>>> print(open('final.csv').read())   # CSV, C-alpha atoms
chain,number,residue,atom,x,y,z
A,1,MET,CA,-6.1,-8.4,39.7
A,2,SER,CA,-5.2,-12.0,38.8
A,3,ASP,CA,-3.9,-14.2,41.6
A,4,SER,CA,-1.1,-15.5,39.4
A,5,TYR,CA,2.4,-14.8,40.7
A,6,HIS,CA,0.7,-13.8,44.0
A,7,GLY,CA,-0.9,-10.8,42.3
A,8,GLN,CA,2.5,-9.3,41.4
A,9,PRO,CA,3.1,-7.8,38.0
A,10,ILE,CA,4.9,-10.1,35.5
A,11,LEU,CA,6.1,-7.3,33.3
A,12,LYS,CA,7.9,-4.1,34.3
A,13,GLU,CA,5.9,-1.0,33.6
A,14,PRO,CA,7.3,1.3,30.9
A,15,THR,CA,9.8,3.8,32.2
A,16,TRP,CA,8.8,6.5,29.7
A,17,THR,CA,7.6,9.9,31.1
A,18,TRP,CA,5.2,12.5,29.7
A,19,GLU,CA,7.7,13.6,27.0
A,20,ILE,CA,7.1,10.4,25.0
A,21,PRO,CA,3.4,10.7,24.3
A,22,THR,CA,4.0,14.3,23.5
A,23,TYR,CA,6.7,13.3,21.1
A,24,PHE,CA,4.3,10.8,19.5
A,25,PHE,CA,2.0,13.8,18.9
A,26,THR,CA,4.5,16.3,17.6
A,27,GLY,CA,6.4,13.7,15.4
A,28,GLY,CA,3.2,12.6,13.8
A,29,MET,CA,2.2,16.2,13.1
A,30,ALA,CA,5.6,16.9,11.5
A,31,GLY,CA,5.5,13.9,9.2
A,32,ALA,CA,1.9,14.5,8.0
A,33,SER,CA,2.4,18.2,7.6
A,34,ALA,CA,5.3,17.6,5.2
A,35,GLY,CA,3.0,15.5,3.1
A,36,LEU,CA,0.3,18.1,3.1
A,37,ALA,CA,2.7,20.8,2.2
A,38,TYR,CA,4.2,18.9,-0.7
A,39,LEU,CA,0.8,17.9,-2.2
A,40,SER,CA,-0.5,21.5,-1.7
A,41,GLY,CA,2.5,22.8,-3.6
A,42,LEU,CA,2.0,20.4,-6.5
A,43,ARG,CA,-1.6,21.7,-6.8
A,44,GLY,CA,-0.5,25.3,-6.8
A,45,ASN,CA,-1.8,26.2,-3.3
A,46,ASP,CA,1.4,27.9,-2.2
A,47,VAL,CA,-0.4,29.8,0.7
A,48,LEU,CA,-1.3,26.5,2.4
A,49,ALA,CA,2.0,24.8,1.4
A,50,ARG,CA,4.1,27.5,3.1
A,51,ARG,CA,2.1,27.3,6.3
A,52,ALA,CA,2.2,23.5,6.3
A,53,TRP,CA,6.0,23.5,5.8
A,54,ALA,CA,6.3,25.9,8.8
A,55,ILE,CA,4.2,23.6,10.9
A,56,SER,CA,6.2,20.6,9.9
A,57,LEU,CA,9.5,22.4,10.7
A,58,GLY,CA,8.3,23.6,14.1
A,59,ALA,CA,6.9,20.2,15.1
A,60,ILE,CA,10.0,18.4,14.0
A,61,GLY,CA,12.2,21.0,15.7
A,62,VAL,CA,10.7,20.3,19.2
A,63,SER,CA,10.5,16.5,18.8
A,64,PRO,CA,14.1,15.8,19.6
A,65,VAL,CA,13.8,18.1,22.6
A,66,PHE,CA,11.2,15.8,24.1
A,67,LEU,CA,13.2,12.7,23.2
A,68,ILE,CA,16.4,14.0,24.8
A,69,SER,CA,14.5,15.2,27.9
A,70,ASP,CA,13.2,11.7,28.4
A,71,LEU,CA,16.6,10.1,27.7
A,72,GLY,CA,18.2,12.4,30.2
A,73,ARG,CA,21.4,13.2,28.2
A,74,ARG,CA,21.9,14.5,24.6
A,75,ALA,CA,24.6,12.0,24.1
A,76,ARG,CA,22.1,9.1,24.4
A,77,PHE,CA,20.2,10.4,21.4
A,78,LEU,CA,23.4,10.9,19.3
A,79,ASN,CA,24.5,7.4,20.2
A,80,MET,CA,21.4,6.0,18.5
A,81,LEU,CA,22.8,7.4,15.3
A,82,ARG,CA,26.1,5.5,15.5
A,83,MET,CA,24.6,2.6,13.7
A,84,PHE,CA,21.5,1.7,11.6
A,85,LYS,CA,19.7,-1.5,12.7
A,86,ILE,CA,16.7,-2.4,10.5
A,87,THR,CA,15.3,-4.7,13.2
A,88,SER,CA,15.1,-2.0,15.8
A,89,PRO,CA,12.2,0.5,15.5
A,90,MET,CA,14.2,2.9,17.8
A,91,SER,CA,17.2,2.9,15.5
A,92,VAL,CA,15.2,3.3,12.4
A,93,GLY,CA,13.0,6.0,14.0
A,94,SER,CA,16.1,8.0,15.0
A,95,TRP,CA,17.4,8.0,11.5
A,96,ILE,CA,14.0,8.9,10.0
A,97,LEU,CA,13.6,11.8,12.5
A,98,SER,CA,17.1,13.1,11.6
A,99,GLY,CA,16.6,12.8,7.8
A,100,SER,CA,13.1,14.3,8.0
A,101,GLY,CA,14.4,17.2,10.0
A,102,ALA,CA,17.1,18.0,7.5
A,103,THR,CA,14.9,17.8,4.4
A,104,THR,CA,12.0,19.7,6.0
A,105,ALA,CA,14.3,22.5,7.1
A,106,VAL,CA,15.5,23.0,3.5
A,107,ALA,CA,12.0,22.8,2.1
A,108,ALA,CA,10.6,25.3,4.7
A,109,VAL,CA,13.3,27.8,4.2
A,110,ASN,CA,12.9,27.7,0.4
A,111,ALA,CA,9.1,28.0,0.7
A,112,TRP,CA,9.4,31.2,2.8
A,113,THR,CA,12.6,32.8,1.4
A,114,GLY,CA,13.2,31.2,-2.0
A,115,LEU,CA,16.7,30.2,-1.0
A,116,PHE,CA,18.3,26.9,-2.1
A,117,PRO,CA,16.0,26.3,-5.1
A,118,ARG,CA,18.0,23.3,-6.5
A,119,LEU,CA,18.4,21.6,-3.1
A,120,ALA,CA,14.7,22.2,-2.3
A,121,ARG,CA,13.6,20.4,-5.4
A,122,GLU,CA,15.1,17.2,-4.0
A,123,ALA,CA,14.2,18.0,-0.3
A,124,ARG,CA,10.5,18.5,-0.8
A,125,PRO,CA,9.6,15.0,-2.0
A,126,ALA,CA,12.2,13.5,0.3
A,127,ALA,CA,10.6,15.2,3.3
A,128,ALA,CA,7.1,14.1,2.2
A,129,LEU,CA,8.3,10.5,1.7
A,130,LEU,CA,10.0,10.4,5.1
A,131,GLY,CA,6.9,11.9,6.7
A,132,LEU,CA,5.0,8.7,6.1
A,133,PRO,CA,7.1,6.4,8.4
A,134,LEU,CA,7.7,9.4,10.8
A,135,SER,CA,3.9,9.5,11.4
A,136,THR,CA,3.6,5.8,12.1
A,137,TYR,CA,6.9,4.3,13.3
A,138,THR,CA,6.1,5.2,17.0
A,139,ALA,CA,3.2,2.7,16.8
A,140,ALA,CA,5.6,0.0,15.6
A,141,LEU,CA,7.9,1.0,18.4
A,142,ILE,CA,5.5,0.4,21.2
A,143,ALA,CA,3.9,-2.6,19.5
A,144,ASN,CA,7.4,-4.2,19.5
A,145,THR,CA,7.3,-4.4,23.3
A,146,ALA,CA,5.9,-7.1,25.5
A,147,VAL,CA,3.1,-4.9,26.9
A,148,PRO,CA,0.0,-6.9,26.0
A,149,VAL,CA,-2.4,-4.1,25.0
A,150,TRP,CA,0.3,-2.6,22.7
A,151,HIS,CA,1.6,-5.8,21.2
A,152,GLU,CA,-1.8,-7.4,20.5
A,153,SER,CA,-2.9,-4.3,18.5
A,154,ARG,CA,0.2,-4.2,16.4
A,155,ARG,CA,-1.8,-4.6,13.1
A,156,LEU,CA,-4.1,-1.6,13.6
A,157,LEU,CA,-2.1,0.7,15.9
A,158,PRO,CA,0.0,2.2,13.0
A,159,PHE,CA,-3.3,3.1,11.2
A,160,VAL,CA,-4.5,4.8,14.4
A,161,TYR,CA,-1.3,6.8,14.7
A,162,GLY,CA,-1.2,7.6,11.0
A,163,SER,CA,-4.8,8.9,11.0
A,164,GLY,CA,-4.1,10.9,14.1
A,165,ALA,CA,-1.0,12.5,12.5
A,166,ALA,CA,-3.1,13.5,9.4
A,167,LEU,CA,-5.7,14.9,11.7
A,168,THR,CA,-3.2,17.2,13.5
A,169,ALA,CA,-1.6,18.3,10.2
A,170,GLY,CA,-5.0,19.3,8.7
A,171,ALA,CA,-6.2,20.9,11.9
A,172,THR,CA,-3.2,23.1,12.6
A,173,ALA,CA,-3.0,24.1,8.9
A,174,ALA,CA,-6.7,25.1,9.0
A,175,MET,CA,-6.1,27.2,12.1
A,176,ILE,CA,-3.3,29.4,10.6
A,177,THR,CA,-4.3,29.5,6.9
A,178,PRO,CA,-7.0,31.9,5.5
A,179,PRO,CA,-10.2,29.9,5.0
A,180,ALA,CA,-10.2,30.6,1.3
A,181,TYR,CA,-7.0,28.5,0.9
A,182,ALA,CA,-7.6,26.0,3.7
A,183,ALA,CA,-10.2,23.7,2.2
A,184,PRO,CA,-7.8,20.7,1.7
A,185,ALA,CA,-6.6,21.1,5.3
A,186,ARG,CA,-10.2,21.1,6.6
A,187,ARG,CA,-11.1,18.0,4.5
A,188,LEU,CA,-8.0,16.2,5.8
A,189,ALA,CA,-8.7,17.1,9.4
A,190,VAL,CA,-12.3,16.0,9.4
A,191,GLY,CA,-11.7,12.8,7.3
A,192,ALA,CA,-8.7,11.7,9.4
A,193,ALA,CA,-10.6,12.4,12.7
A,194,LEU,CA,-13.5,10.2,11.7
A,195,VAL,CA,-11.1,7.5,10.4
A,196,GLU,CA,-9.2,7.5,13.7
A,197,VAL,CA,-12.4,7.2,15.8
A,198,GLY,CA,-13.5,4.3,13.6
A,199,ILE,CA,-10.2,2.4,13.6
A,200,LYS,CA,-9.9,2.8,17.4
A,201,GLU,CA,-13.3,1.2,17.9
A,202,VAL,CA,-12.4,-1.7,15.7
A,203,MET,CA,-9.1,-2.1,17.5
A,204,HIS,CA,-10.8,-2.1,20.9
A,205,HIS,CA,-13.3,-4.7,19.7
A,206,GLN,CA,-10.5,-7.0,18.3
A,207,LEU,CA,-8.5,-6.8,21.6
A,208,GLY,CA,-11.4,-8.3,23.5
A,209,ALA,CA,-10.6,-8.8,27.2
A,210,GLN,CA,-7.1,-7.4,26.6
A,211,GLY,CA,-8.7,-4.1,25.7
A,212,GLU,CA,-10.0,-3.5,29.2
A,213,PRO,CA,-7.3,-0.8,29.9
A,214,TYR,CA,-9.1,1.3,27.3
A,215,THR,CA,-12.4,1.0,29.2
A,216,GLN,CA,-11.3,1.8,32.7
A,217,GLY,CA,-8.9,4.1,34.5
A,218,ALA,CA,-6.8,6.8,32.9
A,219,GLY,CA,-6.7,5.0,29.5
A,220,ALA,CA,-10.5,5.2,29.4
A,221,ARG,CA,-10.7,8.8,30.5
A,222,PHE,CA,-8.3,10.0,27.8
A,223,GLY,CA,-10.1,7.9,25.3
A,224,HIS,CA,-13.5,9.4,26.1
A,225,LEU,CA,-11.9,12.9,25.9
A,226,SER,CA,-10.3,12.1,22.6
A,227,ARG,CA,-13.6,10.9,21.0
A,228,ALA,CA,-15.6,13.8,22.3
A,229,CYS,CA,-13.0,16.4,21.0
A,230,ASN,CA,-12.7,14.7,17.6
A,231,LEU,CA,-16.4,14.6,17.0
A,232,ALA,CA,-17.1,18.1,18.3
A,233,GLY,CA,-14.1,19.5,16.4
A,234,SER,CA,-15.2,17.8,13.2
A,235,ALA,CA,-18.8,19.1,13.5
A,236,LEU,CA,-17.6,22.6,14.1
A,237,MET,CA,-15.1,22.5,11.2
A,238,LEU,CA,-17.7,21.3,8.8
A,239,ARG,CA,-20.4,23.8,9.9
A,240,ALA,CA,-18.4,27.0,10.2
A,241,GLY,CA,-14.8,26.4,9.5
A,242,ALA,CA,-15.0,27.6,5.9
A,243,ARG,CA,-16.8,30.8,6.8
A,244,SER,CA,-15.2,31.9,10.1
A,245,ARG,CA,-11.6,32.0,11.0
A,246,PRO,CA,-12.3,31.9,14.8
A,247,ALA,CA,-14.5,28.8,14.2
A,248,ALA,CA,-11.7,27.2,12.3
A,249,ILE,CA,-9.3,28.0,15.1
A,250,ALA,CA,-11.6,26.6,17.8
A,251,ALA,CA,-12.3,23.5,15.7
A,252,GLY,CA,-8.5,23.0,15.2
A,253,VAL,CA,-7.8,23.3,18.9
A,254,LEU,CA,-10.5,20.7,19.6
A,255,LEU,CA,-9.1,18.3,17.0
A,256,CYS,CA,-5.5,18.7,18.2
A,257,ALA,CA,-6.7,18.1,21.8
A,258,GLY,CA,-8.4,14.9,20.6
A,259,ALA,CA,-5.3,13.6,18.9
A,260,LEU,CA,-3.1,14.4,21.9
A,261,SER,CA,-5.6,12.7,24.2
A,262,ALA,CA,-5.6,9.6,22.0
A,263,ARG,CA,-1.8,9.3,22.4
A,264,TRP,CA,-2.2,9.7,26.1
A,265,SER,CA,-4.9,7.0,26.1
A,266,THR,CA,-2.6,4.5,24.4
A,267,TYR,CA,0.2,5.5,26.7
A,268,ARG,CA,-1.7,5.1,30.0
A,269,ALA,CA,-3.4,1.9,28.8
A,270,GLY,CA,0.1,0.4,28.3
A,271,PHE,CA,0.9,1.1,32.0
A,272,GLN,CA,-2.3,-0.5,33.1
A,273,SER,CA,-1.8,-3.5,30.9
A,274,ALA,CA,1.7,-4.2,32.2
A,275,ALA,CA,0.7,-3.7,35.8
A,276,ASP,CA,-1.9,-6.5,35.9
A,277,PRO,CA,-0.7,-10.0,35.3
A,278,LYS,CA,-4.0,-11.3,34.1
A,279,TYR,CA,-3.4,-9.6,30.7
A,280,VAL,CA,-0.3,-11.7,30.4
A,281,VAL,CA,-1.3,-15.0,31.9
A,282,GLY,CA,-4.9,-15.1,30.6
A,283,PRO,CA,-4.2,-15.0,26.9
A,284,GLN,CA,-1.3,-17.4,27.3
A,285,ARG,CA,-3.6,-20.0,29.0
A,286,ALA,CA,-6.3,-19.4,26.4
A,287,LYS,CA,-3.8,-20.1,23.5
A,288,ILE,CA,-2.6,-23.3,25.3
A,289,GLU,CA,-6.1,-24.5,25.7
A,290,ARG,CA,-6.8,-23.9,22.0
A,291,GLY,CA,-3.6,-25.7,21.0
A,292,GLU,CA,-2.1,-22.6,19.4
A,293,ARG,CA,1.1,-22.8,21.5
A,294,PRO,CA,2.8,-25.5,23.6
A,295,GLY,CA,2.4,-25.5,27.4
A,296,ALA,CA,2.3,-27.7,30.4
A,297,SER,CA,-0.3,-30.5,29.8
A,298,ARG,CA,-2.8,-31.1,32.5
A,299,ARG,CA,-4.5,-34.4,33.3
A,300,ARG,CA,-6.9,-35.4,36.0
A,301,SER,CA,-6.1,-38.3,38.2
A,302,ARG,CA,-8.1,-40.1,40.8
A,303,VAL,CA,-6.1,-40.7,44.0
A,304,SER,CA,-7.2,-42.2,47.3
A,305,VAL,CA,-7.3,-39.9,50.3
A,306,VAL,CA,-8.2,-40.6,53.8
A,307,ARG,CA,-11.2,-38.7,55.1
A,308,ALA,CA,-10.1,-37.4,58.4
A,309,ASP,CA,-13.6,-37.2,59.8
A,310,LYS,CA,-14.5,-40.9,59.4
A,311,GLY,CA,-11.1,-42.5,58.9
A,312,SER,CA,-12.2,-44.3,55.7
A,313,PRO,CA,-10.6,-44.0,52.3
A,314,ALA,CA,-12.4,-41.9,49.7
A,315,THR,CA,-11.7,-41.3,46.1
A,316,ALA,CA,-11.6,-37.7,45.0
A,317,PRO,CA,-10.4,-36.1,41.7
A,318,VAL,CA,-7.2,-34.2,42.1
A,319,GLU,CA,-5.7,-32.2,39.3
A,320,LEU,CA,-2.1,-32.9,38.7
A,321,SER,CA,0.3,-31.0,36.4
A,322,ALA,CA,2.5,-33.2,34.3
A,323,PRO,CA,5.9,-31.7,33.1
>>> encode(input="final.csv", output="structure tokens")
Amino acid sequence: MSDSYHGQPILKEPTWTWEIPTYFFTGGMAGASAGLAYLSGLRGNDVLARRAWAISLGAIGVSPVFLISDLGRRARFLNMLRMFKITSPMSVGSWILSGSGATTAVAAVNAWTGLFPRLAREARPAAALLGLPLSTYTAALIANTAVPVWHESRRLLPFVYGSGAALTAGATAAMITPPAYAAPARRLAVGAALVEVGIKEVMHHQLGAQGEPYTQGAGARFGHLSRACNLAGSALMLRAGARSRPAAIAAGVLLCAGALSARWSTYRAGFQSAADPKYVVGPQRAKIERGERPGASRRRSRVSVVRADKGSPATAPVELSAP
């Protein structure tokens, strides 16, 4: 740990609990499943569309439960809907979640019962459209904080979360849909899994020294588990998912476990990044040295000091900080 600030953390660790990374997982699944359901319906694959709508409704139904559990009181969630603030990811996300929940409910009920046909014609594309920001706004939410490992990956983190959401949508749909109708879901799951693994590697490389929380501690353990599950699940889905329902279920479980582990990897890496002051002080000093931001200028001055052992003056370089 850096000796800056006497080794004490400069940033306060996030106060979120286990419900938040779980919400990141279920919210992404809900948003991407709505898109999969809408596109499947357009292509005439009603069997897959009905199941994807059901997945989206179930995932978006439990998402507010996790949020409210973390907030502690239901009123705190409702208070976030009292106003719409475009500069606040939390405010925007709350409205997206509410709008997506309402439109998804109408679309899912219509898909399974045929009720509300006129309303469903408007609700289906609206749910699919809202599913896009629902799948990625949580990445913008954490990147908008001062936590170094989150903030510095703000350009790629939404793509990581978006691909993870598509992965879970395809994997869960492939698990509960007869293999003859689940080909689009299988392709989505495998393609998104490989994209997520690739983008995460690029993100870790771009973070450089600030990406250390992804290579050690809990962040690294969850990251390794995510990569292993994604690769193993993709291989199984490709080899046997189209022929065997049990194989598709096993592959889907592995892929969902990989996506959930990825959310936990990001979550735990944030705690590690906030706890160690070197991830705050080091990049700031590097930017000052490169002239990318202002800071205290430093000059070296030669001053005379008396050598205590011989009693004679000696000249030694002493570094002084000028205001």
>>> residues_around(input="final.csv", residues="Tyr23 of chain A", least_positions_apart="6", cutoff="9 Å", atoms="all atoms listed in the file", output="ChimeraX atom specification")
/A:62-67
>>> closest_residue(input="final.csv", among="A:Tyr137, A:Gly241, A:Pro14, A:Arg263", to="Ala183 of chain A", atoms="all atoms listed in the file")
A:Gly241
>>> closest_residue(input="final.csv", among="A:Pro21, A:Gly58, A:Pro179, A:Gly270", to="Ala108 of chain A", atoms="all atoms listed in the file")
A:Gly58
>>> atom_distance(input="final.csv", atom1="atom CA of Thr15 of chain A", atom2="atom CA of Phe271 of chain A")
9.3 Å
>>> closest_residue(input="final.csv", among="A:Leu188, A:Ala127, A:Lys85, A:Gly198", to="Phe159 of chain A", atoms="only C-alpha atoms")
A:Gly198
>>> closest_residue(input="final.csv", among="A:Asn110, A:Ser91, A:Gln210, A:Thr17", to="Ala49 of chain A", atoms="only C-alpha atoms")
A:Asn110
>>> atom_distance(input="final.csv", atom1="atom CA of Arg239 of chain A", atom2="atom CA of Ile55 of chain A")
24.6 Å
>>> residues_around(input="final.csv", residues="Ser33 of chain A", least_positions_apart="3", cutoff="8 Å", atoms="all atoms listed in the file", output="PyMOL selection string")
chain A and resi 29-30+36-37+52-53+55-56+131+166+169-170
>>> closest_residue(input="final.csv", among="A:Lys200, A:Arg124, A:Arg74, A:Arg154", to="Thr138 of chain A", atoms="all atoms listed in the file")
A:Arg154
>>> closest_residue(input="final.csv", among="A:Leu129, A:Trp264, A:Leu194, A:Arg118", to="Gly233 of chain A", atoms="all atoms listed in the file")
A:Leu194
>>> residues_around(input="final.csv", residues="Gly208 of chain A", least_positions_apart="6", cutoff="12 Å", atoms="all atoms listed in the file", output="list in words")
Pro148, Val149, Glu152, Ser153, Glu201, Val202, Tyr214, Thr215, Tyr279, Gly282 and Pro283 of chain A
>>> residues_around(input="final.csv", residues="Ala139 of chain A", least_positions_apart="5", cutoff="8 Å", atoms="all atoms listed in the file", output="PyMOL selection string")
chain A and resi 154+157-158+161
>>> atom_distance(input="final.csv", atom1="atom CA of Leu78 of chain A", atom2="atom CA of Ala102 of chain A")
15.1 Å
>>> residues_near_point(input="final.csv", point="(16.4, 2.0, 15.7)", cutoff="12 Å", atoms="only C-alpha atoms", output="list in words")
Phe77, Leu78, Asn79, Met80, Leu81, Arg82, Met83, Phe84, Lys85, Ile86, Thr87, Ser88, Pro89, Met90, Ser91, Val92, Gly93, Ser94, Trp95, Ile96, Leu97, Ser98, Tyr137, Thr138, Ala140, Leu141 and Asn144 of chain A
>>> write_last_selection(input="final.csv", atoms="C-alpha atoms", output="compact mmCIF listing (two decimals), keeping the file's coordinate frame")
# COMPACT_ATOMS: atom_id res chain seq x y z
CA PHE A 77 20.20 10.40 21.40
CA LEU A 78 23.40 10.90 19.30
CA ASN A 79 24.50 7.40 20.20
CA MET A 80 21.40 6.00 18.50
CA LEU A 81 22.80 7.40 15.30
CA ARG A 82 26.10 5.50 15.50
CA MET A 83 24.60 2.60 13.70
CA PHE A 84 21.50 1.70 11.60
CA LYS A 85 19.70 -1.50 12.70
CA ILE A 86 16.70 -2.40 10.50
CA THR A 87 15.30 -4.70 13.20
CA SER A 88 15.10 -2.00 15.80
CA PRO A 89 12.20 0.50 15.50
CA MET A 90 14.20 2.90 17.80
CA SER A 91 17.20 2.90 15.50
CA VAL A 92 15.20 3.30 12.40
CA GLY A 93 13.00 6.00 14.00
CA SER A 94 16.10 8.00 15.00
CA TRP A 95 17.40 8.00 11.50
CA ILE A 96 14.00 8.90 10.00
CA LEU A 97 13.60 11.80 12.50
CA SER A 98 17.10 13.10 11.60
CA TYR A 137 6.90 4.30 13.30
CA THR A 138 6.10 5.20 17.00
CA ALA A 140 5.60 0.00 15.60
CA LEU A 141 7.90 1.00 18.40
CA ASN A 144 7.40 -4.20 19.50
